[in-house]
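Quick notes on the structure that follows.
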Amino acid sequence: MKKNKITKFILSGALCLLTATSCDVDPTFYTQVVPETFYTSQEAVWERFNRPFTHWRWYVANDAPRWMLQELGTDEFCQPTRGSDWFDGANYQKFHHHEYTEDMIFIETGWTNFAMGVALAWDALEDLEKVDFDALGFPQGTRESMLNQQKALVASLYLDGLDFFGGVALYTTTQSEVKGRSTDKETFEFIENLLKEAIPNLPVKEELGGLENGSINRAAGAALLARLYFNAKSYIGTEMYAEAGQICQDIINGVYGKYELDADWTNIFGFDNETCTEIIWSVPSQNAKLETDGMYWDRMVPYNYRNYLGGLEGSGSNNGIGLIPSLDPLGNKYPYKLGGAYSKFHDSDIRKQPYVYENNGKYRGMFIVGKLINPTNSDWVCTGSREYNGQIITVVDQVSYFAKLGSAEYPTLASLPSTIATAEESSCVRVTKRSPRPNQSEKNRKFDPDIPIIRLAEIYYTLAECKMRAGEKGEAAQLINTVRKRYFANGNDPDPVTASNLDKYRMLDEWLREFLGEGRRRTDLVRWDAYVTEDWWDHKATNNTNLNRFPIHYSLIGANNLLEQNPGY
């Protein structure tokens with residue numbers, strides 16, 4: 001489509017050997033479909049605009065590596081070895097223990113996938129800049145919106161790069177020479193400038209509950225800038241909580257568009273959530289058209305869980321990832337301040353129920369836990385395929401070889417081990433939060449829930465933490481409680497946040513409860529200096545601050561020798 005001096009491979013760090021030769025790599029066009037003749041309709045322009053967002057949707061919702069970088073290795077989730085399943089060269093065990101190495105594939109794709117998005121966005125912007133929007137009859141302001149959404153998209157992708165790796169190679173065009181890594185501060189300022197330039201030109205959501213379609217509205221751009229400032233201490237060593245807090249207050253006040261908290265949490269993640277008043281940015285999904293599952297379904301649920309939903313067709317299950325356990329094999333709660341997510345939900349919290357689809361897009365609960373007999377139909381059960389083959393599975397908030405209890409090797413409960421390497425198919429509570437599923441009778445609703453990426457609750461919690469750090473704990477508690485009350489009957493919270501109980505660990509627990517599994521836990525732990533300094537189940541603190549960032553994969557450095565490895569690797 002265009003003569004690019006640099007291809008997507010340069011921006012992803014996988015520069016091909018052609019750059020080391022003197023051959024001409026400019027493309028030869030064999031048809032008349034070139035930029036000057038292609039963009040002759042609004043439809044063609046929209047297709048060009050949407051291409052980078054197609055990559056983004058896959059990257060933030062379906063791409064397992066990004067989610068795993070944020071959730072595995074934290075106190076929220078693990079992917080234990082379950083008998084003969086999920087050993088995979090001990091890679092998941094290494095993640096759990098923070099034994100990161102430069103040959104881990106998830107770390108490689110953690111870099112290449114954000115960088116590919118950057119390349120696609122700049123490529124689209126360069127094409128769109130040449131389009132005569134007036135001649136094609138576009139409404140006033142469409143050009144500015146499209147171009148600045150690409151800039152904001154680049155900023156969001158570079159923000160991931162900064163968060164995972166520190167300073168990255170910064171590009172503003174596909175016509176650039178190959179670059180090395182910029183400093184952390186240069187990367188931070190680059191993202192900041194992109195967002196400041198884009199935000200005033202992004203569309204504003206004027207209608208409360210207006211349809212979300214994946215585009216970047218002004219509030220989403222502002223929220224990205226707030227995220228950047230909120231974690232500035234982690235990124236560049238400078239606190240910018242006041243700046244982050246002011247943006248959050250403006251979002252709450254409606255400066256950037258109309259949003260409000262939803263009183264029903266299932267509306268946020270449910271089957272018609274494209275009109276949820278709380279969602280600021282989301283990944284669209286629709287049955288048989290643009291199916292997205294938030295990475296939850298295949299990885300999380302037990303084998304045969306589809307039978308719990310009346311034999312739901314087309315629902316695979318790999319029985320992998322689960323929550324860090326709260327209890328040891330004897331049933332005693334672990335003493336660690338972090339971890340054990342399921343036990344941190346109050347028993348009267350309406351989310352702390354086994355997931356049950358009711359009908360007509362309504363459901364309750366967000367956990368797969370206990371004996372898996374569907375309460376709406378006792379014939380719908382989930383049976384095991386490994387240790388409990390043919391038996392109804394009972395999912396427990398523990399990890400151990402319970403099926404081997406009473407054997408010569410493990411004669412008593414006290415003899416059972418509990419490690420990342422000693423799980424079975426019933427181990428670990430699972431989460432269905434971002435990917436609720438219907439029963440077979442309403443199978444055509446499968447994949448209808450969109451995937452929230454930024455929502456107003458995050459803005460409330462960010463502002464709360466900013467106020468907490470400024471010594472305004474009472475106001476911080478009020479903001480958190482405004483969100484918490486929707487999870488209790490009649491809003492009667494049995495354990496509200498107060499100025500006296502709000503400390504580092506309560507704040508981290510509140511982030512965990514509200515955003516469990518939404519792909520942000522590692523960032524929150526790093527911000528609180530807890531990622532490498534705290535113990536949780538079968539994880540000992542390394543106290544190695546170098547591990548707050550991932551290594552650069554050896555293949556990327558091999559392809560671009562201007563890239564330098566992170567300290568400590």
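Letters A, B, ... go to the chains of the structure tokens in the order shown; residues in each chain start at 1; ligands are counted from 1 in the same order.
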
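Surrounding segment 157-172 of chain A within 6 Å are Phe114, Val154, Ala155, Lys179, Gly180, Arg181, Ser182, Thr183, Asp184, Thr187, Arg549 and Phe550 of chain A, with only C-alpha atoms counted and residues fewer than 2 positions along the same chain left out.
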
Can you write just those residues out, all heavy atoms, as an mmCIF file, in the first residue's frame?
```cif
data_model
loop_
_atom_site.group_PDB
_atom_site.id
_atom_site.type_symbol
_atom_site.label_atom_id
_atom_site.label_comp_id
_atom_site.auth_asym_id
_atom_site.auth_seq_id
_atom_site.Cartn_x
_atom_site.Cartn_y
_atom_site.Cartn_z
ATOM 1 N N PHE A 114 3.286 -4.737 21.632
ATOM 2 C CA PHE A 114 3.010 -3.293 21.771
ATOM 3 C C PHE A 114 3.685 -2.540 20.637
ATOM 4 O O PHE A 114 3.136 -1.576 20.088
ATOM 5 C CB PHE A 114 3.432 -2.762 23.152
ATOM 6 C CG PHE A 114 4.843 -2.270 23.264
ATOM 7 C CD1 PHE A 114 5.213 -1.026 22.766
ATOM 8 C CD2 PHE A 114 5.816 -3.042 23.873
ATOM 9 C CE1 PHE A 114 6.519 -0.566 22.862
ATOM 10 C CE2 PHE A 114 7.120 -2.589 23.984
ATOM 11 C CZ PHE A 114 7.483 -1.353 23.474
ATOM 12 N N VAL A 154 -1.071 5.118 20.142
ATOM 13 C CA VAL A 154 0.380 4.957 20.277
ATOM 14 C C VAL A 154 0.810 5.203 21.720
ATOM 15 O O VAL A 154 1.606 4.461 22.288
ATOM 16 C CB VAL A 154 1.126 5.918 19.327
ATOM 17 C CG1 VAL A 154 2.617 5.970 19.669
ATOM 18 C CG2 VAL A 154 0.941 5.481 17.880
ATOM 19 N N ALA A 155 0.264 6.247 22.330
ATOM 20 C CA ALA A 155 0.612 6.561 23.714
ATOM 21 C C ALA A 155 0.255 5.412 24.644
ATOM 22 O O ALA A 155 1.025 5.057 25.546
ATOM 23 C CB ALA A 155 -0.099 7.840 24.151
ATOM 24 N N LYS A 179 16.285 2.539 15.692
ATOM 25 C CA LYS A 179 16.728 3.270 16.869
ATOM 26 C C LYS A 179 17.013 2.340 18.033
ATOM 27 O O LYS A 179 16.490 1.225 18.113
ATOM 28 C CB LYS A 179 15.650 4.281 17.296
ATOM 29 C CG LYS A 179 15.388 5.391 16.291
ATOM 30 C CD LYS A 179 14.376 6.381 16.856
ATOM 31 C CE LYS A 179 14.150 7.541 15.883
ATOM 32 N NZ LYS A 179 13.222 8.553 16.457
ATOM 33 N N GLY A 180 17.824 2.841 18.953
ATOM 34 C CA GLY A 180 18.024 2.182 20.222
ATOM 35 C C GLY A 180 16.987 2.649 21.225
ATOM 36 O O GLY A 180 16.060 3.397 20.888
ATOM 37 N N ARG A 181 17.158 2.248 22.463
ATOM 38 C CA ARG A 181 16.200 2.602 23.500
ATOM 39 C C ARG A 181 16.417 4.036 23.970
ATOM 40 O O ARG A 181 17.546 4.489 24.158
ATOM 41 C CB ARG A 181 16.335 1.656 24.689
ATOM 42 C CG ARG A 181 16.039 0.215 24.363
ATOM 43 C CD ARG A 181 16.296 -0.684 25.559
ATOM 44 N NE ARG A 181 15.344 -0.432 26.642
ATOM 45 C CZ ARG A 181 15.386 -1.023 27.815
ATOM 46 N NH1 ARG A 181 16.360 -1.896 28.074
ATOM 47 N NH2 ARG A 181 14.484 -0.759 28.740
ATOM 48 N N SER A 182 15.316 4.727 24.161
ATOM 49 C CA SER A 182 15.375 6.033 24.809
ATOM 50 C C SER A 182 15.403 5.821 26.321
ATOM 51 O O SER A 182 15.139 4.726 26.821
ATOM 52 C CB SER A 182 14.172 6.880 24.411
ATOM 53 O OG SER A 182 14.178 7.151 23.029
ATOM 54 N N THR A 183 15.698 6.870 27.066
ATOM 55 C CA THR A 183 15.706 6.760 28.526
ATOM 56 C C THR A 183 14.278 6.656 29.054
ATOM 57 O O THR A 183 13.304 6.942 28.345
ATOM 58 C CB THR A 183 16.386 7.976 29.161
ATOM 59 O OG1 THR A 183 15.583 9.142 28.897
ATOM 60 C CG2 THR A 183 17.788 8.182 28.611
ATOM 61 N N ASP A 184 14.160 6.288 30.309
ATOM 62 C CA ASP A 184 12.848 6.237 30.940
ATOM 63 C C ASP A 184 12.163 7.603 30.873
ATOM 64 O O ASP A 184 10.976 7.703 30.548
ATOM 65 C CB ASP A 184 12.975 5.808 32.401
ATOM 66 C CG ASP A 184 13.642 4.462 32.566
ATOM 67 O OD1 ASP A 184 13.723 3.707 31.583
ATOM 68 O OD2 ASP A 184 14.072 4.154 33.693
ATOM 69 N N THR A 187 11.017 8.511 27.383
ATOM 70 C CA THR A 187 9.827 7.742 27.027
ATOM 71 C C THR A 187 8.600 8.291 27.736
ATOM 72 O O THR A 187 7.530 8.450 27.130
ATOM 73 C CB THR A 187 10.029 6.258 27.386
ATOM 74 O OG1 THR A 187 11.202 5.769 26.715
ATOM 75 C CG2 THR A 187 8.829 5.423 26.974
ATOM 76 N N ARG A 549 11.168 -4.700 36.387
ATOM 77 C CA ARG A 549 11.062 -4.642 34.932
ATOM 78 C C ARG A 549 11.511 -5.964 34.346
ATOM 79 O O ARG A 549 12.345 -6.668 34.924
ATOM 80 C CB ARG A 549 11.916 -3.494 34.375
ATOM 81 C CG ARG A 549 11.309 -2.141 34.715
ATOM 82 C CD ARG A 549 12.186 -0.994 34.296
ATOM 83 N NE ARG A 549 11.515 0.281 34.586
ATOM 84 C CZ ARG A 549 12.105 1.452 34.486
ATOM 85 N NH1 ARG A 549 13.373 1.533 34.114
ATOM 86 N NH2 ARG A 549 11.429 2.554 34.759
ATOM 87 N N PHE A 550 10.947 -6.292 33.203
ATOM 88 C CA PHE A 550 11.282 -7.548 32.548
ATOM 89 C C PHE A 550 12.540 -7.385 31.697
ATOM 90 O O PHE A 550 12.886 -6.270 31.272
ATOM 91 C CB PHE A 550 10.123 -8.010 31.672
ATOM 92 C CG PHE A 550 8.886 -8.358 32.447
ATOM 93 C CD1 PHE A 550 7.750 -7.562 32.364
ATOM 94 C CD2 PHE A 550 8.855 -9.468 33.272
ATOM 95 C CE1 PHE A 550 6.614 -7.873 33.079
ATOM 96 C CE2 PHE A 550 7.716 -9.790 34.002
ATOM 97 C CZ PHE A 550 6.594 -8.992 33.898
#
```

Q | Backbone DSSP call of strand (DSSP E or B) for segment 128-286 of chain A, listed as a ChimeraX atom specification | A | /A:205,257,279-283,286

Generate a file of the selected residues that holds N, CA and C atoms, formatted as a PDB file, in the first residue's frame.
```pdb
ATOM      1  N   LYS A 205     -17.827  12.096  24.790  1.00  0.00           N
ATOM      2  CA  LYS A 205     -19.060  11.324  24.969  1.00  0.00           C
ATOM      3  C   LYS A 205     -20.099  12.221  25.636  1.00  0.00           C
ATOM      4  N   GLY A 257     -16.545  14.328  29.565  1.00  0.00           N
ATOM      5  CA  GLY A 257     -17.657  13.556  29.036  1.00  0.00           C
ATOM      6  C   GLY A 257     -18.531  13.029  30.160  1.00  0.00           C
ATOM      7  N   ILE A 279     -18.288   2.525  31.732  1.00  0.00           N
ATOM      8  CA  ILE A 279     -17.181   2.163  30.851  1.00  0.00           C
ATOM      9  C   ILE A 279     -16.684   3.385  30.077  1.00  0.00           C
ATOM     10  N   ILE A 280     -15.376   3.595  30.143  1.00  0.00           N
ATOM     11  CA  ILE A 280     -14.728   4.717  29.454  1.00  0.00           C
ATOM     12  C   ILE A 280     -14.053   4.255  28.167  1.00  0.00           C
ATOM     13  N   TRP A 281     -13.509   3.047  28.175  1.00  0.00           N
ATOM     14  CA  TRP A 281     -12.873   2.476  26.970  1.00  0.00           C
ATOM     15  C   TRP A 281     -13.030   0.979  27.050  1.00  0.00           C
ATOM     16  N   SER A 282     -13.447   0.353  25.966  1.00  0.00           N
ATOM     17  CA  SER A 282     -13.672  -1.091  25.982  1.00  0.00           C
ATOM     18  C   SER A 282     -13.358  -1.700  24.633  1.00  0.00           C
ATOM     19  N   VAL A 283     -13.184  -3.020  24.644  1.00  0.00           N
ATOM     20  CA  VAL A 283     -12.974  -3.791  23.420  1.00  0.00           C
ATOM     21  C   VAL A 283     -14.318  -4.366  22.984  1.00  0.00           C
ATOM     22  N   GLN A 286     -18.920  -9.376  19.873  1.00  0.00           N
ATOM     23  CA  GLN A 286     -20.283  -9.760  19.512  1.00  0.00           C
ATOM     24  C   GLN A 286     -20.264 -11.160  18.933  1.00  0.00           C
TER      25      GLN A 286
END
```

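Coordinates place atom CA of Asn273 of chain A at a distance of 21.1 Å from atom CA of Leu309 of chain A.
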
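Residue nearest Gln150 of chain A within the list A:Ile216, A:Val532, A:Ala115, A:Ala477: A:Ile216 [criterion: smallest interatomic distance, only C-alpha atoms].
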
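By chain and then residue number, the residues within 7 Å of segment 327-343 of chain A are Asp75, Glu76, Asp397, Gln398, Ser400, Leu413, Ala414, Leu416, Ser418, Asp535, Trp536 and Trp537 of chain A, counting only C-alpha atoms and disregarding those fewer than 6 positions away in sequence.
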
Note to self: as a ChimeraX atom specification, please: the residues near Met68 of chain A (cut-off 12 Å, only C-alpha atoms, same-chain neighbours under 4 positions excluded).
What the structure shows: /A:59-64,72-74,76-79,91-92,95-96,105-107,109-110,164,294-296,299,321-322,517-522

Could you tell me, as a ChimeraX atom specification, which residues of segment 230-413 of chain A DSSP assigns to alpha helix (DSSP H) when given the backbone? /A:230,232-236,241-252,265-269,296-300

Would you export the selected residues with N, CA, C and O atoms as a CSV table (one decimal), in the first residue's frame, please?
```csv
chain,number,residue,atom,x,y,z
A,230,PHE,N,0.1,8.8,37.6
A,230,PHE,CA,-0.2,8.0,38.9
A,230,PHE,C,1.0,7.1,39.2
A,230,PHE,O,1.4,6.8,40.3
A,232,ALA,N,4.2,7.6,38.0
A,232,ALA,CA,5.4,8.3,37.6
A,232,ALA,C,6.6,8.0,38.5
A,232,ALA,O,7.7,7.9,38.1
A,233,LYS,N,6.3,7.8,39.8
A,233,LYS,CA,7.4,7.4,40.7
A,233,LYS,C,8.1,6.1,40.3
A,233,LYS,O,9.3,6.0,40.4
A,234,SER,N,7.3,5.2,39.9
A,234,SER,CA,7.8,3.9,39.4
A,234,SER,C,8.6,4.1,38.1
A,234,SER,O,9.6,3.4,37.9
A,235,TYR,N,8.1,5.0,37.3
A,235,TYR,CA,8.7,5.1,35.9
A,235,TYR,C,9.9,6.0,35.9
A,235,TYR,O,11.0,5.7,35.3
A,236,ILE,N,9.9,7.2,36.6
A,236,ILE,CA,10.9,8.2,36.5
A,236,ILE,C,11.4,8.7,37.8
A,236,ILE,O,12.2,9.6,37.9
A,241,TYR,N,1.3,12.5,42.0
A,241,TYR,CA,0.0,12.1,42.4
A,241,TYR,C,-1.0,13.3,42.4
A,241,TYR,O,-2.2,13.1,42.1
A,242,ALA,N,-0.5,14.5,42.6
A,242,ALA,CA,-1.4,15.6,42.6
A,242,ALA,C,-1.9,15.8,41.1
A,242,ALA,O,-3.1,16.1,40.9
A,243,GLU,N,-1.0,15.7,40.1
A,243,GLU,CA,-1.4,15.9,38.8
A,243,GLU,C,-2.4,14.8,38.4
A,243,GLU,O,-3.4,15.0,37.7
A,244,ALA,N,-2.2,13.5,38.8
A,244,ALA,CA,-3.1,12.4,38.5
A,244,ALA,C,-4.4,12.7,39.1
A,244,ALA,O,-5.5,12.5,38.5
A,245,GLY,N,-4.4,13.1,40.4
A,245,GLY,CA,-5.7,13.3,41.1
A,245,GLY,C,-6.5,14.4,40.5
A,245,GLY,O,-7.8,14.3,40.4
A,246,GLN,N,-5.9,15.5,40.0
A,246,GLN,CA,-6.7,16.5,39.4
A,246,GLN,C,-7.4,16.1,38.1
A,246,GLN,O,-8.6,16.4,37.9
A,247,ILE,N,-6.7,15.3,37.3
A,247,ILE,CA,-7.3,14.7,36.1
A,247,ILE,C,-8.5,13.8,36.5
A,247,ILE,O,-9.6,13.9,35.9
A,248,CYS,N,-8.3,13.0,37.5
A,248,CYS,CA,-9.4,12.1,37.9
A,248,CYS,C,-10.6,12.9,38.5
A,248,CYS,O,-11.8,12.6,38.1
A,249,GLN,N,-10.3,13.9,39.2
A,249,GLN,CA,-11.4,14.8,39.7
A,249,GLN,C,-12.2,15.4,38.5
A,249,GLN,O,-13.4,15.5,38.5
A,250,ASP,N,-11.5,15.8,37.5
A,250,ASP,CA,-12.1,16.4,36.3
A,250,ASP,C,-13.0,15.4,35.6
A,250,ASP,O,-14.1,15.7,35.1
A,251,ILE,N,-12.5,14.2,35.5
A,251,ILE,CA,-13.3,13.1,34.8
A,251,ILE,C,-14.5,12.9,35.6
A,251,ILE,O,-15.6,12.8,35.0
A,252,ILE,N,-14.4,12.7,36.9
A,252,ILE,CA,-15.6,12.5,37.8
A,252,ILE,C,-16.6,13.7,37.6
A,252,ILE,O,-17.8,13.5,37.6
A,265,TRP,N,-23.0,-4.3,39.3
A,265,TRP,CA,-21.7,-4.6,38.8
A,265,TRP,C,-21.8,-5.5,37.6
A,265,TRP,O,-20.9,-5.5,36.7
A,266,THR,N,-22.8,-6.3,37.4
A,266,THR,CA,-22.9,-7.3,36.3
A,266,THR,C,-23.2,-6.5,35.0
A,266,THR,O,-22.9,-7.0,33.9
A,267,ASN,N,-23.7,-5.3,35.1
A,267,ASN,CA,-23.9,-4.4,33.9
A,267,ASN,C,-22.5,-4.1,33.3
A,267,ASN,O,-22.4,-3.8,32.1
A,268,ILE,N,-21.5,-4.0,34.1
A,268,ILE,CA,-20.2,-3.6,33.6
A,268,ILE,C,-19.5,-4.6,32.8
A,268,ILE,O,-18.9,-4.3,31.8
A,269,PHE,N,-19.7,-5.9,33.1
A,269,PHE,CA,-19.1,-7.0,32.4
A,269,PHE,C,-20.1,-7.9,31.6
A,269,PHE,O,-19.7,-8.9,31.0
A,296,TYR,N,-10.1,-15.1,29.3
A,296,TYR,CA,-10.5,-15.9,30.5
A,296,TYR,C,-10.9,-17.3,30.2
A,296,TYR,O,-10.6,-18.2,30.9
A,297,TRP,N,-11.7,-17.5,29.2
A,297,TRP,CA,-12.4,-18.8,29.1
A,297,TRP,C,-11.5,-20.0,29.0
A,297,TRP,O,-11.5,-20.9,29.8
A,298,ASP,N,-10.7,-20.0,27.9
A,298,ASP,CA,-9.9,-21.2,27.7
A,298,ASP,C,-8.9,-21.5,28.8
A,298,ASP,O,-8.7,-22.6,29.2
A,299,ARG,N,-8.3,-20.4,29.3
A,299,ARG,CA,-7.3,-20.6,30.3
A,299,ARG,C,-7.8,-20.9,31.7
A,299,ARG,O,-7.1,-21.6,32.5
A,300,MET,N,-8.9,-20.4,32.1
A,300,MET,CA,-9.4,-20.4,33.4
A,300,MET,C,-10.2,-21.6,33.8
A,300,MET,O,-10.0,-22.2,34.9
```

Among A:Ala219, A:Cys466, A:Ala90, A:Met507, Asn481 of chain A is approached most closely, using only C-alpha atoms, by A:Met507

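Atom CA of Pro436 of chain A lies 22.5 Å from atom CA of Glu510 of chain A.
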
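Going from atom CA of Asn148 of chain A to atom CA of Leu202 of chain A covers 6.4 Å.
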
Could I get the residues of segment 16-133 of chain A with an atom no further than 6 Å from an atom of segment 553-564 of chain A, each paired with its nearest atom pair and that distance in Å to one decimal, using only C-alpha atoms, sorted by chain and residue number, as a Markdown table?
```
| residue | atom | partner | partner_atom | distance |
| --- | --- | --- | --- | --- |
| A:Glu102 | CA | A:His553 | CA | 4.5 |
| A:Asp103 | CA | A:His553 | CA | 5.7 |
| A:Glu108 | CA | A:His553 | CA | 5.1 |
```

Min atom-atom distance to Phe367 of chain A from the set A:Arg306, A:Val178, A:Glu313, A:Arg430, counting only C-alpha atoms, belongs to A:Arg430

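With distances restricted to only C-alpha atoms, A:Gln149 is the closest residue to Asn217 of chain A from A:Thr462, A:Asn253, A:Thr174, A:Gln149.
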